Structure formats: structure tokens, C-alpha cells
Amino acid sequence: MFPVSEFLIYCFVTTYTPGTNNLLSMSYAARLGFRRSYRFNLGIAAGFLIVMAVCTLFSSTLYTLLPRVKMVMQILGAAYMLYLAWKVWRSGSHLEAEDTREAGFLSGMLLQFMNPKIFIYAITAMSLYILPFYRSAAALAGFTLLLAAIGASGTFAWALCGTALCRFTARHARAVNLAMALLLVYCTVSLFL
């Protein structure tokens with residue numbers, strides 16, 4: 001029998017905990033507002049769906065290669081997350097973005113291809129929870145959409161939190177940026193634990 005509760009707990013814990021998508025989504029929403037960061041979040045959702053589809057199609061192959069691929073993904077992902085941590089820490093307290101292209105659809109979508117957390121999320125969900133019980137194309141397509149929807153919901157929830165805390169973050173921008181940067185560094189370190 002399919003372990004529905006364990007599957008959903010895994011999905012929600014994985015997608016709602018701090019990660020690159022959530023922290024950047026919150027940061028952009030705090031600086032730009034929810035409406036101006038919406039395209040970035042849609043890009044995250046689109047990229048998330050693409051990555052989920054690719055991981056679903058190639059899950060068994062990637063799972064076999066994971067021990068070799070994992071270290072490369074970890075190193076590239078860690079370097080990118082440290083770069084993002086530096087960028088968040090160095091960002092100013094302006095609520096208006098100096099360059100609105102930062103919060104664009106394409107940057108949100110491309111971020112997904114460099115985010116090891118969602119690859120690991122997809123491969124783990126597929127190999128541990130879904131593939132042992134379901135093999136039909138329709139079931140796999142449905143689970144792909146479900147995994148992407150849960151991931152996007154986490155990102156949008158963090159963006160709403162960023163918007164709600166906008167005034168606070170403007171007043172305490174240095175401390176908030178430092179906290180967000182440290183959370184990204186934590187995410188980087190946790191890749192190797």
C-alpha cells in the first residue's frame with residue numbers, strides 16, 4: 001500500500017524548509033513586493049516542473065549513477081549557494097530593486113537546474129515512494145505534477161512571508177540579509193553532512 005502520510009511529510013518538509021528557492025523568493029518579495037517578484041516565482045515553478053519531469057523520466061538511471069553524480073552536484077550546488085549567500089548578504093536595504101532583471105522568470109527557471117536540493121527531492125520521492133508502487137505513465141505524470149505543485153507552494157509561501165515582513169526587513173536589512181546568507185551557508189554545509 002502506498003505510504004501517503006510518509007510521502008506527504010517528506011514532500012512538505014523538503015519543500016518548506018529553507019533552501020535556495022525559498023530564501024531567494026522571500027528575499028525578492030521583501031525587496032520588490034509580491035507582485036514584482038511573481039514572475040521570478042513563476043519561473044521557479046516552471047523550472048521545478050521541468051526538473052521533476054526529467055527526474056521522473058530518468059530516475060532509475062540517475063539513481064544508479066547517483067553515487068558518482070552526487071558529489072559533482074554537491075560541489076557545483078555548494079559553490080552556487082555560497083555565491084547566492086554572498087549576493088544576499090551584500091544586497092542593500094532598498095525596497096526597490098536596482099535591477100529588476102534579478103527577479104525575472106528566466107532566472108527563477110534556470111535556478112532550478114543548479115539546485116541540487118530539488119534533484120535529490122525528486123529522485124528520493126520517485127525511488128522510495130512512487131516507483132515501488134506506480135509505473136504507469138499517467139500515474140508518474142500525476143506524481144510529477146503533484147511534486148512540482150508542492151514545491152511551488154513552498155516557494156510562494158516564503159514569498160508571502162517576505163512580503164508580510166517587508167517593513168521589518170527594510171528597517172533591519174543588514175541583520176535580515178545576514179540571517180538569510182547564513183541560512184544559505186547552512187544549506188550548503190548540510191549538503192555534505
# chains A, B, ... in the order shown; residues from 1 in each chain; ligands from 1
call {"tool": "residues_around", "arguments": {"residues": "Phe133 of chain A", "least_positions_apart": "6", "cutoff": "10 Å", "atoms": "only C-alpha atoms", "output": "compact mmCIF listing (two decimals) with all heavy atoms, in the first residue's frame"}}
result
# COMPACT_ATOMS: atom_id res chain seq x y z
N MET A 1 0.84 -1.18 0.00
CA MET A 1 0.00 0.00 0.00
C MET A 1 0.88 1.24 0.00
O MET A 1 1.86 1.32 0.73
CB MET A 1 -0.92 -0.03 1.21
CG MET A 1 -1.81 1.15 1.32
SD MET A 1 -2.90 1.00 2.74
CE MET A 1 -4.41 1.46 1.98
N PHE A 2 0.50 2.21 -0.80
CA PHE A 2 1.27 3.45 -0.93
C PHE A 2 1.27 4.22 0.39
O PHE A 2 0.21 4.49 0.96
CB PHE A 2 0.66 4.30 -2.04
CG PHE A 2 1.40 5.58 -2.29
CD1 PHE A 2 2.65 5.56 -2.89
CD2 PHE A 2 0.85 6.79 -1.92
CE1 PHE A 2 3.34 6.74 -3.12
CE2 PHE A 2 1.53 7.97 -2.15
CZ PHE A 2 2.77 7.95 -2.75
N PRO A 3 2.45 4.60 0.90
CA PRO A 3 2.55 5.30 2.19
C PRO A 3 2.25 6.81 2.05
O PRO A 3 3.14 7.64 2.03
CB PRO A 3 4.00 5.06 2.60
CG PRO A 3 4.73 4.90 1.30
CD PRO A 3 3.75 4.27 0.35
N MET A 126 10.74 9.73 -6.03
CA MET A 126 10.45 8.72 -7.05
C MET A 126 10.94 7.33 -6.64
O MET A 126 10.19 6.36 -6.72
CB MET A 126 11.09 9.11 -8.39
CG MET A 126 10.37 10.19 -9.12
SD MET A 126 8.77 9.59 -9.67
CE MET A 126 7.93 11.13 -9.91
N SER A 127 12.18 7.24 -6.21
CA SER A 127 12.75 5.91 -5.95
C SER A 127 12.23 5.27 -4.67
O SER A 127 12.07 4.06 -4.62
CB SER A 127 14.27 5.99 -5.93
OG SER A 127 14.72 6.82 -4.89
N ALA A 139 0.15 7.74 -13.94
CA ALA A 139 0.46 7.89 -12.51
C ALA A 139 1.73 8.70 -12.32
O ALA A 139 1.78 9.59 -11.46
CB ALA A 139 0.60 6.52 -11.85
call {"tool": "residues_around", "arguments": {"residues": "Ala103 of chain A", "least_positions_apart": "4", "cutoff": "8 Å", "atoms": "only C-alpha atoms", "output": "list in words"}}
result
Tyr28, Arg36, Ser37, Arg39, Phe40, Ser107 and Gly108 of chain A
call {"tool": "residues_around", "arguments": {"residues": "Ala53 of chain A", "least_positions_apart": "6", "cutoff": "10 Å", "atoms": "only C-alpha atoms", "output": "ChimeraX atom specification"}}
result
/A:47,59,122,140-141,143-145,147-148
call {"tool": "atom_distance", "arguments": {"atom1": "atom CA of Ala164 of chain A", "atom2": "atom CA of Leu32 of chain A"}}
result
11.8 Å
